[in-house]
>>> print(open('work_33.tsv').read())   # TSV, C-alpha atoms
chain	number	residue	atom	x	y	z
L	1017	MET	CA	-55.38	41.22	64.58
L	1018	GLY	CA	-55.27	42.56	68.10
L	1019	GLU	CA	-55.43	46.26	68.77
L	1020	MET	CA	-54.49	48.49	71.66
L	1021	HIS	CA	-55.74	52.06	72.09
L	1022	VAL	CA	-53.65	54.23	74.35
L	1023	LEU	CA	-55.69	57.20	75.57
L	1024	ASP	CA	-53.63	60.38	75.26
L	1025	LYS	CA	-53.79	64.06	74.34
L	1026	LYS	CA	-54.21	63.20	70.66
L	1027	GLY	CA	-57.35	61.23	71.51
L	1028	ASP	CA	-55.70	57.85	71.32
L	1029	THR	CA	-52.73	56.14	69.76
L	1030	LYS	CA	-53.54	52.80	68.13
L	1031	ILE	CA	-51.15	49.87	68.14
L	1032	VAL	CA	-52.01	46.69	66.23
L	1033	TRP	CA	-50.41	43.28	66.23
L	1034	ASP	CA	-50.76	40.11	64.23
L	1035	ARG	CA	-51.03	37.25	66.70
L	1036	GLU	CA	-49.02	35.08	64.29
L	1037	VAL	CA	-46.09	37.49	64.12
L	1038	ALA	CA	-43.89	37.16	67.21
L	1039	ALA	CA	-42.13	40.50	66.71
L	1040	GLU	CA	-45.42	42.39	66.61
L	1041	VAL	CA	-46.73	40.59	69.68
L	1042	GLU	CA	-43.51	41.39	71.51
L	1043	ALA	CA	-43.64	45.06	70.53
L	1044	ALA	CA	-47.22	45.32	71.76
L	1045	ARG	CA	-46.27	43.55	74.99
L	1046	THR	CA	-43.40	45.98	75.57
L	1047	THR	CA	-45.73	48.93	75.06
L	1048	PHE	CA	-48.23	47.42	77.46
L	1049	ASP	CA	-45.59	46.81	80.13
L	1050	THR	CA	-44.18	50.32	79.77
L	1051	LEU	CA	-47.62	51.87	80.16
L	1052	LYS	CA	-48.39	49.70	83.18
L	1053	LYS	CA	-45.22	50.96	84.85
L	1054	LYS	CA	-46.45	54.52	84.23
L	1055	GLY	CA	-49.67	53.73	86.07
L	1056	PHE	CA	-51.96	53.03	83.12
L	1057	TYR	CA	-54.82	50.56	83.55
L	1058	GLY	CA	-55.44	47.92	80.88
L	1059	TYR	CA	-59.01	47.03	79.97
L	1060	SER	CA	-59.87	44.21	77.62
L	1061	VAL	CA	-63.07	44.73	75.65
L	1062	LYS	CA	-64.74	43.04	72.74
L	1063	LYS	CA	-64.59	44.83	69.42
L	1064	THR	CA	-68.26	45.74	69.88
L	1065	GLY	CA	-67.38	47.49	73.11
L	1066	GLU	CA	-68.75	44.88	75.47
L	1067	LYS	CA	-66.63	44.71	78.59
L	1068	LYS	CA	-64.38	41.80	79.38
L	1069	ASP	CA	-61.70	42.25	82.02
L	1070	LEU	CA	-59.31	44.53	83.77
L	1071	ILE	CA	-55.94	43.02	82.83
L	1072	THR	CA	-52.59	43.26	84.54
L	1073	ALA	CA	-50.59	41.26	81.98
L	1074	PHE	CA	-50.55	41.61	78.22
L	1075	ASP	CA	-52.90	39.18	76.50
L	1076	PRO	CA	-51.96	38.69	72.85
L	1077	SER	CA	-55.31	37.03	72.16
L	1078	ALA	CA	-57.24	40.11	73.28
L	1079	GLU	CA	-59.55	41.61	70.67
L	1080	LYS	CA	-59.18	45.15	71.86
L	1081	LEU	CA	-57.25	46.68	74.76
L	1082	ILE	CA	-57.89	50.16	76.11
L	1083	MET	CA	-54.96	51.64	78.03
L	1084	ALA	CA	-56.32	54.38	80.28
L	1085	PRO	CA	-54.13	56.79	82.26
L	1086	MET	CA	-54.02	57.11	86.01
L	1087	MET	CA	-56.98	58.97	87.47
L	1088	LYS	CA	-57.35	61.22	90.49
L	1089	GLY	CA	-60.15	62.70	92.48
L	1090	GLY	CA	-61.29	66.18	91.49
O	340	MET	CA	-28.14	124.11	92.53
O	341	PRO	CA	-30.92	122.73	90.41
O	342	TYR	CA	-30.68	119.18	89.23
O	343	ALA	CA	-31.81	118.71	85.70
O	344	TYR	CA	-31.70	115.60	83.60
O	345	THR	CA	-30.97	117.23	80.31
O	346	ASP	CA	-28.16	117.11	77.88
O	347	GLY	CA	-25.53	119.41	79.20
O	348	GLY	CA	-27.55	119.98	82.35
O	349	THR	CA	-26.11	120.64	85.72
O	350	GLY	CA	-26.73	117.20	87.07
O	351	THR	CA	-28.52	113.93	86.48
O	352	VAL	CA	-30.96	111.71	88.28
O	353	TRP	CA	-27.99	109.50	88.96
O	354	SER	CA	-26.29	112.42	90.68
O	355	VAL	CA	-29.34	112.86	92.83
O	356	TRP	CA	-29.48	109.15	93.50
O	357	SER	CA	-25.90	109.05	94.67
O	358	ASP	CA	-25.76	112.45	96.30
O	359	THR	CA	-25.20	112.26	99.99
O	360	THR	CA	-24.05	115.79	100.61
O	361	ASN	CA	-27.19	117.71	99.94
O	362	ALA	CA	-29.59	115.86	102.24
O	363	VAL	CA	-31.23	114.11	99.36
O	364	THR	CA	-33.43	111.29	100.55
O	365	ALA	CA	-34.79	108.27	98.75
O	366	ASP	CA	-38.15	110.08	98.53
O	367	SER	CA	-36.67	113.00	96.74
O	368	VAL	CA	-34.87	110.76	94.26
O	369	TRP	CA	-38.27	109.43	93.17
O	370	GLY	CA	-39.48	112.97	92.91
O	371	TYR	CA	-36.64	113.89	90.66
O	372	TRP	CA	-37.19	110.77	88.62
O	373	VAL	CA	-40.77	111.64	87.80
O	374	ASP	CA	-40.27	115.37	87.68
O	375	CYS	CA	-42.36	116.59	90.55
O	376	GLY	CA	-42.03	120.26	89.82
O	377	THR	CA	-40.01	122.95	91.37
O	378	SER	CA	-38.92	123.00	95.00
O	379	SER	CA	-42.00	121.46	96.50
O	380	GLY	CA	-42.55	118.60	98.88
O	381	THR	CA	-39.67	116.26	98.97
O	382	CYS	CA	-38.16	117.61	95.82
O	383	GLY	CA	-35.30	119.96	96.34
O	384	ALA	CA	-35.32	121.17	92.77
O	385	SER	CA	-36.95	120.30	89.53
O	386	ALA	CA	-35.55	117.62	87.32
O	387	ASN	CA	-36.72	117.93	83.78
O	388	LEU	CA	-36.63	114.50	82.36
O	389	PRO	CA	-37.11	114.30	78.64
O	390	SER	CA	-40.04	112.15	77.55
O	391	VAL	CA	-38.49	108.86	76.66
O	392	ARG	CA	-39.92	107.30	73.58
O	393	PRO	CA	-38.52	104.15	72.00
O	394	ALA	CA	-36.56	104.77	68.87
O	395	PRO	CA	-38.59	104.07	65.74
O	396	MET	CA	-38.13	100.54	64.37
O	397	THR	CA	-35.94	99.97	61.41
O	398	GLU	CA	-37.43	98.29	58.36
O	399	GLU	CA	-35.58	95.10	59.25
O	400	GLU	CA	-36.96	95.15	62.82
O	401	ARG	CA	-40.47	95.74	61.52
O	402	GLU	CA	-40.21	92.80	59.15
O	403	ARG	CA	-38.83	90.55	61.91
O	404	ALA	CA	-41.65	91.56	64.30
O	405	GLU	CA	-44.24	90.82	61.63
O	406	GLN	CA	-42.60	87.46	60.89
O	407	LEU	CA	-42.76	86.55	64.60
O	408	ARG	CA	-46.39	87.63	64.77
O	409	VAL	CA	-47.27	85.44	61.78
O	410	GLU	CA	-45.37	82.45	63.27
O	411	ARG	CA	-47.19	82.84	66.60
O	412	GLU	CA	-50.53	82.99	64.82
O	413	GLN	CA	-49.72	79.87	62.78
O	414	LYS	CA	-48.73	77.98	65.96
O	415	ARG	CA	-51.93	79.05	67.67
O	416	LYS	CA	-54.06	77.89	64.72
O	417	GLN	CA	-52.21	74.57	64.50
O	418	LYS	CA	-52.74	74.00	68.22
O	419	GLU	CA	-56.46	74.63	67.81
O	420	LYS	CA	-56.58	72.18	64.90
O	421	ASP	CA	-54.73	69.54	66.95
O	422	ILE	CA	-57.13	69.97	69.87
O	423	GLN	CA	-60.15	69.63	67.58
O	424	ALA	CA	-58.66	66.54	65.89
O	425	ALA	CA	-58.01	64.95	69.31
O	426	LYS	CA	-61.58	65.72	70.38
O	427	THR	CA	-62.98	64.09	67.22
O	428	GLN	CA	-60.74	61.05	67.60
O	429	ALA	CA	-61.71	60.58	71.25
O	430	GLU	CA	-65.44	60.90	70.49
O	431	LYS	CA	-65.11	58.29	67.74
O	432	LEU	CA	-63.43	55.79	70.08
O	433	LEU	CA	-65.89	56.41	72.90
O	434	LYS	CA	-68.92	55.95	70.65
O	435	SER	CA	-67.46	52.75	69.18
O	436	LEU	CA	-67.50	51.28	72.70
O	437	LEU	CA	-71.02	52.33	73.66
O	438	THR	CA	-74.26	50.48	73.10
O	439	PRO	CA	-76.72	52.07	70.64
O	440	ALA	CA	-78.81	53.27	73.61
O	441	GLN	CA	-75.78	54.86	75.24
O	442	ARG	CA	-74.79	56.55	71.97
O	443	THR	CA	-78.27	58.04	71.55
O	444	HIS	CA	-78.25	59.24	75.15
O	445	LEU	CA	-74.87	60.84	74.62
O	446	ASP	CA	-76.00	62.69	71.51
O	447	ASP	CA	-79.25	63.84	73.12
O	448	VAL	CA	-78.23	64.83	76.64
O	449	SER	CA	-74.40	64.66	76.70
O	450	SER	CA	-74.33	61.75	79.11
O	451	PHE	CA	-74.89	57.99	79.21
O	452	LEU	CA	-75.81	55.38	81.79
O	453	VAL	CA	-73.47	52.65	82.99
O	454	LYS	CA	-74.13	49.66	85.22
O	455	SER	CA	-71.17	49.08	87.50
O	456	GLU	CA	-69.56	45.84	88.67
O	457	SER	CA	-71.75	45.92	91.79
O	458	GLU	CA	-74.86	46.48	89.66
O	459	ARG	CA	-75.27	50.11	90.70
O	460	MET	CA	-76.39	52.61	88.08
O	461	PHE	CA	-74.29	55.63	87.19
O	462	ARG	CA	-74.63	58.52	84.79
O	463	VAL	CA	-71.40	59.57	83.13
O	464	ARG	CA	-71.60	63.24	82.18
O	465	ARG	CA	-69.34	65.26	79.93
O	466	GLY	CA	-66.58	66.57	82.19
O	467	SER	CA	-65.30	64.90	85.33
O	468	THR	CA	-68.55	64.30	87.24
O	469	VAL	CA	-70.25	60.93	87.53
O	470	GLU	CA	-73.64	60.64	89.22
O	471	GLU	CA	-74.91	57.62	91.11
O	472	LEU	CA	-78.62	56.98	90.58
O	473	ASP	CA	-81.20	55.09	92.60
O	474	GLU	CA	-83.97	52.86	91.19
O	475	GLU	CA	-86.03	55.95	90.42
O	476	ASP	CA	-83.18	57.61	88.52
O	477	LYS	CA	-82.69	60.12	91.31
O	478	VAL	CA	-79.14	61.33	91.92
O	479	ILE	CA	-77.92	60.02	95.27
O	480	ALA	CA	-74.25	60.89	95.04
O	481	ARG	CA	-71.70	62.61	92.81
O	482	TYR	CA	-68.16	61.54	92.08
O	483	CYS	CA	-65.45	63.71	90.63
O	484	ILE	CA	-62.62	61.83	88.95
O	485	HIS	CA	-60.39	62.69	86.02
O	486	ALA	CA	-57.02	61.95	84.51
O	487	SER	CA	-53.97	63.13	86.38
O	488	TRP	CA	-52.98	65.24	83.40
O	489	ARG	CA	-56.56	66.37	82.82
O	490	ASP	CA	-55.96	69.35	80.66
O	491	ALA	CA	-54.30	67.30	78.00
O	492	LEU	CA	-56.91	64.53	77.81
O	493	PRO	CA	-59.99	65.05	75.62
O	494	VAL	CA	-63.27	64.93	77.52
O	495	ALA	CA	-64.46	61.82	75.70
O	496	ASP	CA	-61.36	59.93	76.86
O	497	THR	CA	-62.18	60.87	80.47
O	498	MET	CA	-65.74	59.62	79.99
O	499	LEU	CA	-64.48	56.37	78.51
O	500	THR	CA	-62.08	55.83	81.39
O	501	GLN	CA	-64.85	56.47	83.92
O	502	LYS	CA	-67.10	53.94	82.15
O	503	LEU	CA	-64.38	51.27	82.04
O	504	MET	CA	-63.48	51.81	85.70
O	505	LEU	CA	-67.10	51.47	86.82
O	506	GLU	CA	-67.59	48.35	84.75
O	507	MET	CA	-64.31	46.59	85.54
O	508	ASN	CA	-62.47	48.43	88.32
O	509	GLU	CA	-65.19	49.81	90.58
O	510	ALA	CA	-63.25	49.45	93.82
O	511	GLU	CA	-60.45	51.60	92.42
O	512	PHE	CA	-62.98	54.16	91.15
O	513	MET	CA	-64.50	54.44	94.64
O	514	LYS	CA	-61.08	54.69	96.22
O	515	ILE	CA	-59.95	57.53	93.97
O	516	ALA	CA	-63.05	59.60	93.22
O	517	ASN	CA	-64.11	62.50	95.42
O	518	ARG	CA	-67.62	61.72	96.55
O	519	SER	CA	-70.20	64.30	97.48
O	520	ALA	CA	-73.82	63.93	98.48
O	521	ALA	CA	-76.46	64.87	95.93
>>> encode(input="work_33.tsv", output="structure tokens")
Amino acid sequence: MGEMHVLDKKGDTKIVWDREVAAEVEAARTTFDTLKKKGFYGYSVKKTGEKKDLITAFDPSAEKLIMAPMMKGG
Amino acid sequence: MPYAYTDGGTGTVWSVWSDTTNAVTADSVWGYWVDCGTSSGTCGASANLPSVRPAPMTEEERERAEQLRVEREQKRKQKEKDIQAAKTQAEKLLKSLLTPAQRTHLDDVSSFLVKSESERMFRVRRGSTVEELDEEDKVIARYCIHASWRDALPVADTMLTQKLMLEMNEAEFMKIANRSAA
């Protein structure tokens, strides 16, 4: 199962997908694409937290994706 | 002729306001309005305004006001609960993505260390400040960076984003963050 955590005001919203189920993969991909358009960054990490990659396209084989909002200097 | 704002009086504040035949000026209208006494200063005559108190509330109005007060209080409490729940959720996610050493550091001193893409060492503190450290753990620079909608994002989410940026998107971090010398 892949999982995506979208950081938001509730802490985070979790979206999961079964890599074998096309509809779930597609739904997760759509969410990813929508968030990217809003300026979110996608980070792929291992389930243990170890870093992997900054990603610009949805990867259905990812273990865990963290979608982080746009940042600005304070 | 005295101007008095009373029931059945000889005139009203409005009469004073609109009177242009008795050399009444804007100053004297204010005087009449607040009842500045008799024939002194800019007041041509006294205007005795009754003390205006709001009419007492009806039982129905009292009940409605109480209902609104209770609703506001419930909303406020729910909002506090939501904020606390978000904080807990964000802390849980952050800690799940830290090493044991980072988790301990976070619990002890509210910060953790991160090695960036370029192998530099940073300390991510609670809030929006990230410190760059030298080999002797001395602070050599500070960076301020937070979410665009910062007030809505729990602190732990900001810390997580800072960590991920340093580890995987350092160039963007440096481009965006406001840097200041130590």
>>> interface_residues(input="work_33.tsv", of="chain O", to="chain L", cutoff="10 Å", atoms="all atoms listed in the file", output="PyMOL selection string")
chain O and resi 421-438+467-468+482-497+499-504+506-508+511-518
>>> write_last_selection(input="work_33.tsv", atoms="C-alpha atoms", output="PDB file, in the frame of the given file")
ATOM      1  CA  ASP O 421     -54.730  69.540  66.950  1.00  0.00           C
ATOM      2  CA  ILE O 422     -57.130  69.970  69.870  1.00  0.00           C
ATOM      3  CA  GLN O 423     -60.150  69.630  67.580  1.00  0.00           C
ATOM      4  CA  ALA O 424     -58.660  66.540  65.890  1.00  0.00           C
ATOM      5  CA  ALA O 425     -58.010  64.950  69.310  1.00  0.00           C
ATOM      6  CA  LYS O 426     -61.580  65.720  70.380  1.00  0.00           C
ATOM      7  CA  THR O 427     -62.980  64.090  67.220  1.00  0.00           C
ATOM      8  CA  GLN O 428     -60.740  61.050  67.600  1.00  0.00           C
ATOM      9  CA  ALA O 429     -61.710  60.580  71.250  1.00  0.00           C
ATOM     10  CA  GLU O 430     -65.440  60.900  70.490  1.00  0.00           C
ATOM     11  CA  LYS O 431     -65.110  58.290  67.740  1.00  0.00           C
ATOM     12  CA  LEU O 432     -63.430  55.790  70.080  1.00  0.00           C
ATOM     13  CA  LEU O 433     -65.890  56.410  72.900  1.00  0.00           C
ATOM     14  CA  LYS O 434     -68.920  55.950  70.650  1.00  0.00           C
ATOM     15  CA  SER O 435     -67.460  52.750  69.180  1.00  0.00           C
ATOM     16  CA  LEU O 436     -67.500  51.280  72.700  1.00  0.00           C
ATOM     17  CA  LEU O 437     -71.020  52.330  73.660  1.00  0.00           C
ATOM     18  CA  THR O 438     -74.260  50.480  73.100  1.00  0.00           C
ATOM     19  CA  SER O 467     -65.300  64.900  85.330  1.00  0.00           C
ATOM     20  CA  THR O 468     -68.550  64.300  87.240  1.00  0.00           C
ATOM     21  CA  TYR O 482     -68.160  61.540  92.080  1.00  0.00           C
ATOM     22  CA  CYS O 483     -65.450  63.710  90.630  1.00  0.00           C
ATOM     23  CA  ILE O 484     -62.620  61.830  88.950  1.00  0.00           C
ATOM     24  CA  HIS O 485     -60.390  62.690  86.020  1.00  0.00           C
ATOM     25  CA  ALA O 486     -57.020  61.950  84.510  1.00  0.00           C
ATOM     26  CA  SER O 487     -53.970  63.130  86.380  1.00  0.00           C
ATOM     27  CA  TRP O 488     -52.980  65.240  83.400  1.00  0.00           C
ATOM     28  CA  ARG O 489     -56.560  66.370  82.820  1.00  0.00           C
ATOM     29  CA  ASP O 490     -55.960  69.350  80.660  1.00  0.00           C
ATOM     30  CA  ALA O 491     -54.300  67.300  78.000  1.00  0.00           C
ATOM     31  CA  LEU O 492     -56.910  64.530  77.810  1.00  0.00           C
ATOM     32  CA  PRO O 493     -59.990  65.050  75.620  1.00  0.00           C
ATOM     33  CA  VAL O 494     -63.270  64.930  77.520  1.00  0.00           C
ATOM     34  CA  ALA O 495     -64.460  61.820  75.700  1.00  0.00           C
ATOM     35  CA  ASP O 496     -61.360  59.930  76.860  1.00  0.00           C
ATOM     36  CA  THR O 497     -62.180  60.870  80.470  1.00  0.00           C
ATOM     37  CA  LEU O 499     -64.480  56.370  78.510  1.00  0.00           C
ATOM     38  CA  THR O 500     -62.080  55.830  81.390  1.00  0.00           C
ATOM     39  CA  GLN O 501     -64.850  56.470  83.920  1.00  0.00           C
ATOM     40  CA  LYS O 502     -67.100  53.940  82.150  1.00  0.00           C
ATOM     41  CA  LEU O 503     -64.380  51.270  82.040  1.00  0.00           C
ATOM     42  CA  MET O 504     -63.480  51.810  85.700  1.00  0.00           C
ATOM     43  CA  GLU O 506     -67.590  48.350  84.750  1.00  0.00           C
ATOM     44  CA  MET O 507     -64.310  46.590  85.540  1.00  0.00           C
ATOM     45  CA  ASN O 508     -62.470  48.430  88.320  1.00  0.00           C
ATOM     46  CA  GLU O 511     -60.450  51.600  92.420  1.00  0.00           C
ATOM     47  CA  PHE O 512     -62.980  54.160  91.150  1.00  0.00           C
ATOM     48  CA  MET O 513     -64.500  54.440  94.640  1.00  0.00           C
ATOM     49  CA  LYS O 514     -61.080  54.690  96.220  1.00  0.00           C
ATOM     50  CA  ILE O 515     -59.950  57.530  93.970  1.00  0.00           C
ATOM     51  CA  ALA O 516     -63.050  59.600  93.220  1.00  0.00           C
ATOM     52  CA  ASN O 517     -64.110  62.500  95.420  1.00  0.00           C
ATOM     53  CA  ARG O 518     -67.620  61.720  96.550  1.00  0.00           C
TER      54      ARG O 518
END
>>> atom_distance(input="work_33.tsv", atom1="CA of Glu475 (chain O)", atom2="CA of Ala510 (chain O)")
23.9 Å
>>> atom_distance(input="work_33.tsv", atom1="CA of Ser390 (chain O)", atom2="CA of Ala404 (chain O)")
24.5 Å
>>> atom_distance(input="work_33.tsv", atom1="CA of Ile479 (chain O)", atom2="CA of Leu505 (chain O)")
16.2 Å
>>> residues_around(input="work_33.tsv", residues="Arg1035 (chain L)", least_positions_apart="2", cutoff="9 Å", atoms="all atoms listed in the file", output="number ranges by chain")
L: 1017-1018, 1033, 1037-1038, 1040-1041, 1076-1077
